[in-house]
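One file, my_file-v6.cif, carrying mmCIF, C-alpha atoms:
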```
data_target
#
loop_
_atom_site.label_atom_id
_atom_site.label_comp_id
_atom_site.auth_asym_id
_atom_site.auth_seq_id
_atom_site.Cartn_x
_atom_site.Cartn_y
_atom_site.Cartn_z
CA MET A 935 -2.02 -24.51 4.52
CA VAL A 936 -4.79 -23.88 2.00
CA GLU A 937 -4.17 -25.07 -1.53
CA PRO A 938 -3.96 -22.28 -4.13
CA LEU A 939 -6.76 -21.69 -6.60
CA PRO A 940 -6.33 -23.11 -10.10
CA GLY A 941 -3.91 -20.86 -11.96
CA HIS A 942 -2.27 -19.63 -8.75
CA GLU A 943 -0.10 -22.67 -8.08
CA TYR A 944 2.99 -20.64 -8.95
CA TYR A 945 2.34 -18.52 -5.83
CA ARG A 946 2.18 -21.46 -3.40
CA GLY A 947 3.45 -20.47 0.06
CA MET A 948 3.00 -16.73 -0.55
CA LEU A 949 0.53 -14.49 1.25
CA ALA A 950 -2.46 -13.69 -0.98
CA ILE A 951 -3.47 -10.02 -0.69
CA PRO A 952 -6.94 -9.41 -2.14
CA TYR A 953 -7.92 -6.11 -3.70
CA MET A 954 -11.55 -5.68 -2.71
CA ARG A 955 -14.26 -3.47 -4.20
CA TRP A 956 -17.79 -2.74 -3.04
CA SER A 957 -20.65 -2.67 -5.50
CA PRO A 958 -24.19 -1.81 -4.39
CA GLY A 959 -25.59 -4.56 -6.60
CA SER A 960 -23.29 -7.40 -5.57
CA GLY A 961 -21.53 -6.32 -2.37
CA TRP A 962 -17.85 -7.08 -1.84
CA SER A 963 -15.83 -8.78 -4.54
CA VAL A 964 -12.18 -9.50 -5.22
CA VAL A 965 -10.98 -7.60 -8.30
CA SER A 966 -7.31 -8.56 -8.08
CA ILE A 967 -4.85 -10.49 -5.94
CA ARG A 968 -1.19 -9.77 -5.28
CA PHE A 969 1.14 -12.14 -3.51
CA ARG A 970 3.96 -11.58 -1.00
CA CYS A 971 6.71 -13.90 0.12
CA LEU A 972 6.65 -14.43 3.88
CA GLU A 973 10.16 -15.82 4.32
CA ASN A 974 12.50 -13.38 6.07
CA GLU A 975 15.72 -14.95 4.83
CA CYS A 976 14.60 -15.44 1.22
CA ASP A 977 16.41 -13.79 -1.70
CA HIS A 978 13.10 -13.93 -3.65
CA SER A 979 14.80 -14.97 -6.90
CA SER A 980 12.67 -18.12 -7.08
CA HIS A 981 9.41 -16.13 -6.96
CA PRO A 982 7.62 -14.65 -9.94
CA GLY A 983 8.31 -10.92 -9.65
CA GLY A 984 10.43 -11.15 -6.50
CA LYS A 985 9.17 -10.42 -2.97
CA TYR A 986 5.81 -9.25 -4.35
CA ALA A 987 4.10 -10.80 -7.36
CA THR A 988 1.13 -9.86 -9.49
CA VAL A 989 -0.80 -12.16 -11.79
CA ALA A 990 0.32 -11.66 -15.40
CA GLY A 991 -1.83 -9.18 -17.29
CA ASP A 992 -3.23 -7.48 -14.18
CA THR A 993 -3.27 -3.69 -14.23
CA PRO A 994 -2.04 -1.49 -11.35
CA ARG A 995 -4.74 -0.33 -8.96
CA LEU A 996 -4.97 1.46 -5.66
CA TYR A 997 -5.20 -0.79 -2.62
CA ASN A 998 -7.70 -0.33 0.23
CA THR A 999 -9.79 2.29 -1.54
CA ILE A 1000 -12.51 1.89 1.10
CA SER A 1001 -10.40 4.37 3.11
CA LEU A 1002 -11.29 7.04 0.56
CA LEU A 1003 -14.91 6.65 1.65
CA THR A 1004 -14.28 6.54 5.39
CA ALA A 1005 -11.60 9.22 5.73
CA GLU A 1006 -12.77 12.72 6.64
CA ASP A 1007 -10.26 15.54 6.09
CA THR A 1008 -7.08 13.53 5.68
CA VAL A 1009 -5.93 10.30 4.11
CA ALA A 1010 -2.51 8.69 3.70
CA ILE A 1011 -0.78 7.03 0.77
CA CYS A 1012 1.65 4.19 1.46
CA GLU A 1013 4.00 2.24 -0.74
CA GLY A 1014 2.76 -1.34 -0.58
CA GLU A 1015 -0.13 -3.26 0.85
CA ILE A 1016 1.50 -4.29 4.13
CA ASP A 1017 2.33 -0.66 5.01
CA THR A 1018 -1.23 0.30 4.07
CA ILE A 1019 -2.68 -2.37 6.35
CA THR A 1020 -0.35 -1.27 9.16
CA ALA A 1021 -1.33 2.40 8.81
CA SER A 1022 -5.02 1.50 8.69
CA ILE A 1023 -4.92 -0.59 11.86
CA SER A 1024 -2.96 2.26 13.46
CA ASP A 1025 -6.05 4.49 12.99
CA ILE A 1026 -4.76 6.28 9.88
CA PRO A 1027 -7.03 5.91 6.84
CA ALA A 1028 -4.61 4.78 4.13
CA VAL A 1029 -4.55 3.78 0.49
CA GLY A 1030 -1.68 1.83 -1.02
CA VAL A 1031 0.27 1.89 -4.22
CA ALA A 1032 1.82 -1.44 -5.23
CA GLY A 1033 5.34 -0.07 -5.57
CA THR A 1034 7.02 3.10 -6.71
CA GLN A 1035 6.64 2.39 -10.42
CA THR A 1036 2.90 1.65 -10.45
CA TRP A 1037 1.41 5.14 -9.91
CA LYS A 1038 -0.88 6.14 -12.78
CA ARG A 1039 -1.94 9.70 -13.57
CA HIS A 1040 -5.65 8.96 -12.98
CA PHE A 1041 -4.88 7.78 -9.40
CA ALA A 1042 -4.55 11.46 -8.35
CA GLU A 1043 -8.21 12.34 -8.85
CA PRO A 1044 -9.69 10.64 -5.73
CA PHE A 1045 -7.27 12.55 -3.46
CA ARG A 1046 -8.22 16.05 -4.64
CA GLY A 1047 -10.98 16.71 -2.08
CA TYR A 1048 -8.93 16.12 1.06
CA GLU A 1049 -7.45 18.84 3.20
CA THR A 1050 -4.21 16.87 3.51
CA VAL A 1051 -2.88 13.73 1.85
CA TYR A 1052 -0.03 12.33 3.91
CA ILE A 1053 2.55 10.45 1.92
CA LEU A 1054 4.06 7.95 4.34
CA ALA A 1055 7.37 7.54 2.53
CA ASP A 1056 9.72 4.61 2.95
CA GLY A 1057 13.07 5.61 4.42
CA ASP A 1058 15.13 4.85 1.34
CA THR A 1059 16.04 6.60 -1.91
CA ALA A 1060 13.21 5.02 -3.91
CA GLY A 1061 10.69 5.92 -1.20
CA ARG A 1062 11.82 9.55 -1.05
CA GLU A 1063 11.80 9.90 -4.83
CA PHE A 1064 8.34 8.35 -5.01
CA ALA A 1065 7.03 10.70 -2.31
CA GLU A 1066 8.46 13.73 -4.11
CA THR A 1067 6.91 12.62 -7.40
CA LEU A 1068 3.50 12.23 -5.72
CA ALA A 1069 3.80 15.57 -3.93
CA ASP A 1070 4.36 17.23 -7.32
CA LYS A 1071 1.09 15.72 -8.54
CA LEU A 1072 -1.01 16.42 -5.43
CA SER A 1073 -1.15 20.02 -4.23
CA ASN A 1074 -2.57 18.91 -0.85
CA ALA A 1075 0.25 16.40 -0.15
CA LYS A 1076 2.56 16.44 2.82
CA ILE A 1077 5.52 14.04 2.88
CA LEU A 1078 6.13 12.23 6.16
CA PRO A 1079 9.28 10.14 5.69
CA CYS A 1080 10.08 7.08 7.75
CA SER A 1081 13.50 6.79 9.37
CA GLN A 1082 16.38 5.68 7.15
CA GLY A 1083 15.98 2.02 6.23
CA GLU A 1084 12.48 1.77 7.69
CA ASP A 1085 8.95 1.68 6.33
CA VAL A 1086 5.56 2.12 8.00
CA ASN A 1087 5.31 -1.52 9.04
CA SER A 1088 8.84 -1.86 10.42
CA GLU A 1089 8.53 1.36 12.45
CA VAL A 1090 5.19 0.37 13.95
CA LEU A 1091 6.55 -3.08 14.81
CA LYS A 1092 9.56 -1.48 16.57
CA TYR A 1093 7.94 1.55 18.21
CA GLY A 1094 4.17 1.12 18.11
CA LYS A 1095 1.52 3.09 16.25
CA LYS A 1096 2.28 6.20 18.29
CA ILE A 1097 5.26 6.93 16.04
CA LEU A 1098 2.91 7.35 13.05
CA LEU A 1099 0.28 9.30 14.95
CA ASP A 1100 2.92 11.66 16.39
CA ARG A 1101 4.40 12.20 12.92
CA ILE A 1102 1.00 13.23 11.59
CA ASP A 1103 0.21 15.44 14.60
CA GLY A 1104 3.71 16.95 14.61
#
```
Step by step, read the file and then write its structure as structure tokens.
Amino acid sequence: MVEPLPGHEYYRGMLAIPYMRWSPGSGWSVVSIRFRCLENECDHSSHPGGKYATVAGDTPRLYNTISLLTAEDTVAICEGEIDTITASISDIPAVGVAGTQTWKRHFAEPFRGYETVYILADGDTAGREFAETLADKLSNAKILPCSQGEDVNSEVLKYGKKILLDRIDG
């Protein structure tokens, strides 16, 4: 295991999820890091912030914004970085929001030029409410809910990426 950077000792044992940005002058850089507990049987009460943690003072941002540059007519929005990664490796350009409470009004602007913005909603009450809130803000949005109790990652792990691709094509 790699030792955490100074100031990140509190997140020891958690997955570090970098938020990357491209700048023509300096190339790729890390602008933020979030952390996720990897223990399946953990109640997360011992972690700062629970299952996911953000460094104190960090501001909410969109995750995987490179998809906004590589997507053509459609792009997806997922709740969480892991679902975003799963959608992306399933051939669906996706951007993530770090939880249902982190959407900011200015996040809507980059999605305005797409024919369709698929909201890949978690199959729970919070996921449905989040998807409905986003759909009210994005006139080009289409909600594609996961099965009850599932999210993008859990469905792809159970059924393969075809379940997502069929949902979009359907």
Next on the checklist: Using all atoms listed in the file, can you tell me which of A:Gln1035, A:Ser957, A:Thr1018, A:Thr1008 comes closest to A:Tyr1052?
Outcome noted: A:Thr1008
Next on the checklist: I'd like the interatomic distance between atom CA of A:Ala1055 and atom CA of A:Thr993, to a tenth of an Å.
Outcome noted: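 So the answer is 22.8 Å.
The coordinates place atom CA of A:Ala1065 at 9.2 Å from atom CA of A:Ile1011.
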Next on the checklist: Between A:Ala990, A:Ile1102, A:Ile1019, A:Cys1080, which residue has the minimum interatomic distance to A:Thr1059, considering all atoms listed in the file?
Outcome noted: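 That would be A:Cys1080, the residue with the smallest distance to A:Thr1059.
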Item to check | Selected residue, from A:Thr1050, A:Gln1082, A:Asn998, A:Thr1004, that lies nearest to A:Gly1030 when counting only C-alpha atoms | outcome: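 The shortest atom-to-atom distance to A:Gly1030 comes from A:Asn998.
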Checklist entry - Restricting the calculation to only C-alpha atoms, which member of A:Glu943, A:Asp1025, A:Glu937, A:Glu1063 is positioned closest to A:Gly1094? => result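 With only C-alpha atoms as the atom set, the closest residue is A:Asp1025.
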Next on the checklist: For the provided coordinates, the residues matched by the PyMOL selection byres ((chain A and resi 1020) around 12) should be stated as number ranges by chain.
Outcome noted: A: 998, 1010-1019, 1021-1030, 1054, 1085-1091, 1094-1095, 1098
Could you dump the residues just selected with C-alpha atoms as a PDB file, in the coordinates of the input?
```pdb
ATOM      1  CA  ASN A 998      -7.700  -0.330   0.230  1.00  0.00           C
ATOM      2  CA  ALA A1010      -2.510   8.690   3.700  1.00  0.00           C
ATOM      3  CA  ILE A1011      -0.780   7.030   0.770  1.00  0.00           C
ATOM      4  CA  CYS A1012       1.650   4.190   1.460  1.00  0.00           C
ATOM      5  CA  GLU A1013       4.000   2.240  -0.740  1.00  0.00           C
ATOM      6  CA  GLY A1014       2.760  -1.340  -0.580  1.00  0.00           C
ATOM      7  CA  GLU A1015      -0.130  -3.260   0.850  1.00  0.00           C
ATOM      8  CA  ILE A1016       1.500  -4.290   4.130  1.00  0.00           C
ATOM      9  CA  ASP A1017       2.330  -0.660   5.010  1.00  0.00           C
ATOM     10  CA  THR A1018      -1.230   0.300   4.070  1.00  0.00           C
ATOM     11  CA  ILE A1019      -2.680  -2.370   6.350  1.00  0.00           C
ATOM     12  CA  ALA A1021      -1.330   2.400   8.810  1.00  0.00           C
ATOM     13  CA  SER A1022      -5.020   1.500   8.690  1.00  0.00           C
ATOM     14  CA  ILE A1023      -4.920  -0.590  11.860  1.00  0.00           C
ATOM     15  CA  SER A1024      -2.960   2.260  13.460  1.00  0.00           C
ATOM     16  CA  ASP A1025      -6.050   4.490  12.990  1.00  0.00           C
ATOM     17  CA  ILE A1026      -4.760   6.280   9.880  1.00  0.00           C
ATOM     18  CA  PRO A1027      -7.030   5.910   6.840  1.00  0.00           C
ATOM     19  CA  ALA A1028      -4.610   4.780   4.130  1.00  0.00           C
ATOM     20  CA  VAL A1029      -4.550   3.780   0.490  1.00  0.00           C
ATOM     21  CA  GLY A1030      -1.680   1.830  -1.020  1.00  0.00           C
ATOM     22  CA  LEU A1054       4.060   7.950   4.340  1.00  0.00           C
ATOM     23  CA  ASP A1085       8.950   1.680   6.330  1.00  0.00           C
ATOM     24  CA  VAL A1086       5.560   2.120   8.000  1.00  0.00           C
ATOM     25  CA  ASN A1087       5.310  -1.520   9.040  1.00  0.00           C
ATOM     26  CA  SER A1088       8.840  -1.860  10.420  1.00  0.00           C
ATOM     27  CA  GLU A1089       8.530   1.360  12.450  1.00  0.00           C
ATOM     28  CA  VAL A1090       5.190   0.370  13.950  1.00  0.00           C
ATOM     29  CA  LEU A1091       6.550  -3.080  14.810  1.00  0.00           C
ATOM     30  CA  GLY A1094       4.170   1.120  18.110  1.00  0.00           C
ATOM     31  CA  LYS A1095       1.520   3.090  16.250  1.00  0.00           C
ATOM     32  CA  LEU A1098       2.910   7.350  13.050  1.00  0.00           C
TER      33      LEU A1098
END
```
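Proximity of A:Ala1075, A:Lys985, A:Gly1104, A:Asp1007 to A:Val1051, computed with all atoms listed in the file, is greatest for A:Ala1075.
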Checklist entry - Of the candidates A:Ile1053, A:Val989, A:Met948, A:Ile1097, which shows the shortest atom-to-atom distance to A:Ile1077, using only C-alpha atoms? => result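 The answer is A:Ile1053, which sits nearest to A:Ile1077.
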Checklist entry - Any idea what's packed within 8 Å of stretch 969-972 of chain A, counting only C-alpha atoms, ignoring anything in its chain fewer than 6 positions away? Could you give it as a list in words? => result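 Near stretch 969-972 of chain A, the qualifying residues are Tyr945, Gly947, Met948, Leu949, Ala950, Ile951, His978, His981, Lys985, Tyr986, Ala987 and Thr988 of chain A.
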Next on the checklist: Would you compute the distance between atom CA of A:Lys1071 and atom CA of A:Val1031? Give it in Å to one decimal.
Outcome noted: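 According to the coordinates, atom CA of A:Lys1071 and atom CA of A:Val1031 are separated by 14.5 Å.
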Starting from the sparse input, extend stretch 989-1000 of chain A to all heavy atoms and give the output as a tab-separated table (two decimals), in the coordinates of the input.
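Printed below is rebuild_35.tsv as written:
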```tsv
chain	number	residue	atom	x	y	z
A	989	VAL	N	-0.40	-11.26	-10.72
A	989	VAL	CA	-0.80	-12.16	-11.79
A	989	VAL	C	-0.54	-11.47	-13.13
A	989	VAL	O	-0.84	-10.28	-13.30
A	989	VAL	CB	-2.29	-12.54	-11.64
A	989	VAL	CG1	-2.76	-13.39	-12.80
A	989	VAL	CG2	-2.52	-13.25	-10.32
A	990	ALA	N	0.01	-12.21	-14.07
A	990	ALA	CA	0.32	-11.66	-15.40
A	990	ALA	C	-0.93	-11.03	-16.02
A	990	ALA	O	-2.02	-11.59	-15.95
A	990	ALA	CB	0.86	-12.76	-16.29
A	991	GLY	N	-0.74	-9.87	-16.61
A	991	GLY	CA	-1.83	-9.18	-17.29
A	991	GLY	C	-2.67	-8.29	-16.40
A	991	GLY	O	-3.51	-7.54	-16.89
A	992	ASP	N	-2.46	-8.33	-15.09
A	992	ASP	CA	-3.23	-7.48	-14.18
A	992	ASP	C	-2.74	-6.04	-14.32
A	992	ASP	O	-1.58	-5.79	-14.60
A	992	ASP	CB	-3.05	-7.95	-12.74
A	992	ASP	CG	-4.10	-7.37	-11.81
A	992	ASP	OD1	-5.19	-7.00	-12.29
A	992	ASP	OD2	-3.83	-7.28	-10.61
A	993	THR	N	-3.64	-5.10	-14.13
A	993	THR	CA	-3.27	-3.69	-14.23
A	993	THR	C	-3.10	-3.10	-12.83
A	993	THR	O	-3.78	-3.52	-11.88
A	993	THR	CB	-4.36	-2.89	-14.98
A	993	THR	OG1	-5.59	-3.04	-14.29
A	993	THR	CG2	-4.52	-3.39	-16.40
A	994	PRO	N	-2.21	-2.12	-12.67
A	994	PRO	CA	-2.04	-1.49	-11.35
A	994	PRO	C	-3.33	-0.83	-10.88
A	994	PRO	O	-4.06	-0.24	-11.66
A	994	PRO	CB	-0.96	-0.44	-11.60
A	994	PRO	CG	-0.23	-0.91	-12.81
A	994	PRO	CD	-1.27	-1.60	-13.65
A	995	ARG	N	-3.58	-0.95	-9.59
A	995	ARG	CA	-4.74	-0.33	-8.96
A	995	ARG	C	-4.33	0.17	-7.58
A	995	ARG	O	-3.32	-0.26	-7.05
A	995	ARG	CB	-5.89	-1.30	-8.74
A	995	ARG	CG	-5.89	-2.51	-9.48
A	995	ARG	CD	-6.94	-3.54	-9.09
A	995	ARG	NE	-6.95	-4.55	-10.11
A	995	ARG	CZ	-7.79	-4.57	-11.12
A	995	ARG	NH1	-8.72	-3.67	-11.22
A	995	ARG	NH2	-7.74	-5.50	-12.03
A	996	LEU	N	-5.16	1.02	-7.03
A	996	LEU	CA	-4.97	1.46	-5.66
A	996	LEU	C	-5.49	0.38	-4.72
A	996	LEU	O	-6.51	-0.26	-5.00
A	996	LEU	CB	-5.71	2.77	-5.40
A	996	LEU	CG	-5.18	3.98	-6.17
A	996	LEU	CD1	-6.12	5.17	-5.98
A	996	LEU	CD2	-3.77	4.33	-5.74
A	997	TYR	N	-4.82	0.21	-3.61
A	997	TYR	CA	-5.20	-0.79	-2.62
A	997	TYR	C	-5.93	-0.12	-1.46
A	997	TYR	O	-5.57	0.97	-1.04
A	997	TYR	CB	-3.94	-1.50	-2.09
A	997	TYR	CG	-4.22	-2.53	-1.03
A	997	TYR	CD1	-4.82	-3.73	-1.37
A	997	TYR	CD2	-3.91	-2.28	0.29
A	997	TYR	CE1	-5.10	-4.69	-0.40
A	997	TYR	CE2	-4.17	-3.23	1.27
A	997	TYR	CZ	-4.77	-4.42	0.92
A	997	TYR	OH	-5.04	-5.35	1.88
A	998	ASN	N	-6.94	-0.77	-0.94
A	998	ASN	CA	-7.70	-0.33	0.23
A	998	ASN	C	-8.46	0.97	-0.03
A	998	ASN	O	-8.49	1.88	0.80
A	998	ASN	CB	-6.78	-0.18	1.45
A	998	ASN	CG	-7.56	-0.12	2.74
A	998	ASN	OD1	-8.52	-0.84	2.93
A	998	ASN	ND2	-7.13	0.74	3.65
A	999	THR	N	-9.08	1.06	-1.18
A	999	THR	CA	-9.79	2.29	-1.54
A	999	THR	C	-11.00	2.58	-0.66
A	999	THR	O	-11.51	3.70	-0.69
A	999	THR	CB	-10.24	2.24	-3.02
A	999	THR	OG1	-11.00	1.05	-3.24
A	999	THR	CG2	-9.03	2.27	-3.94
A	1000	ILE	N	-11.42	1.63	0.16
A	1000	ILE	CA	-12.51	1.89	1.10
A	1000	ILE	C	-12.14	3.05	2.03
A	1000	ILE	O	-13.01	3.79	2.49
A	1000	ILE	CB	-12.90	0.61	1.89
A	1000	ILE	CG1	-14.20	0.82	2.68
A	1000	ILE	CG2	-11.79	0.18	2.83
A	1000	ILE	CD1	-15.44	0.90	1.83
```
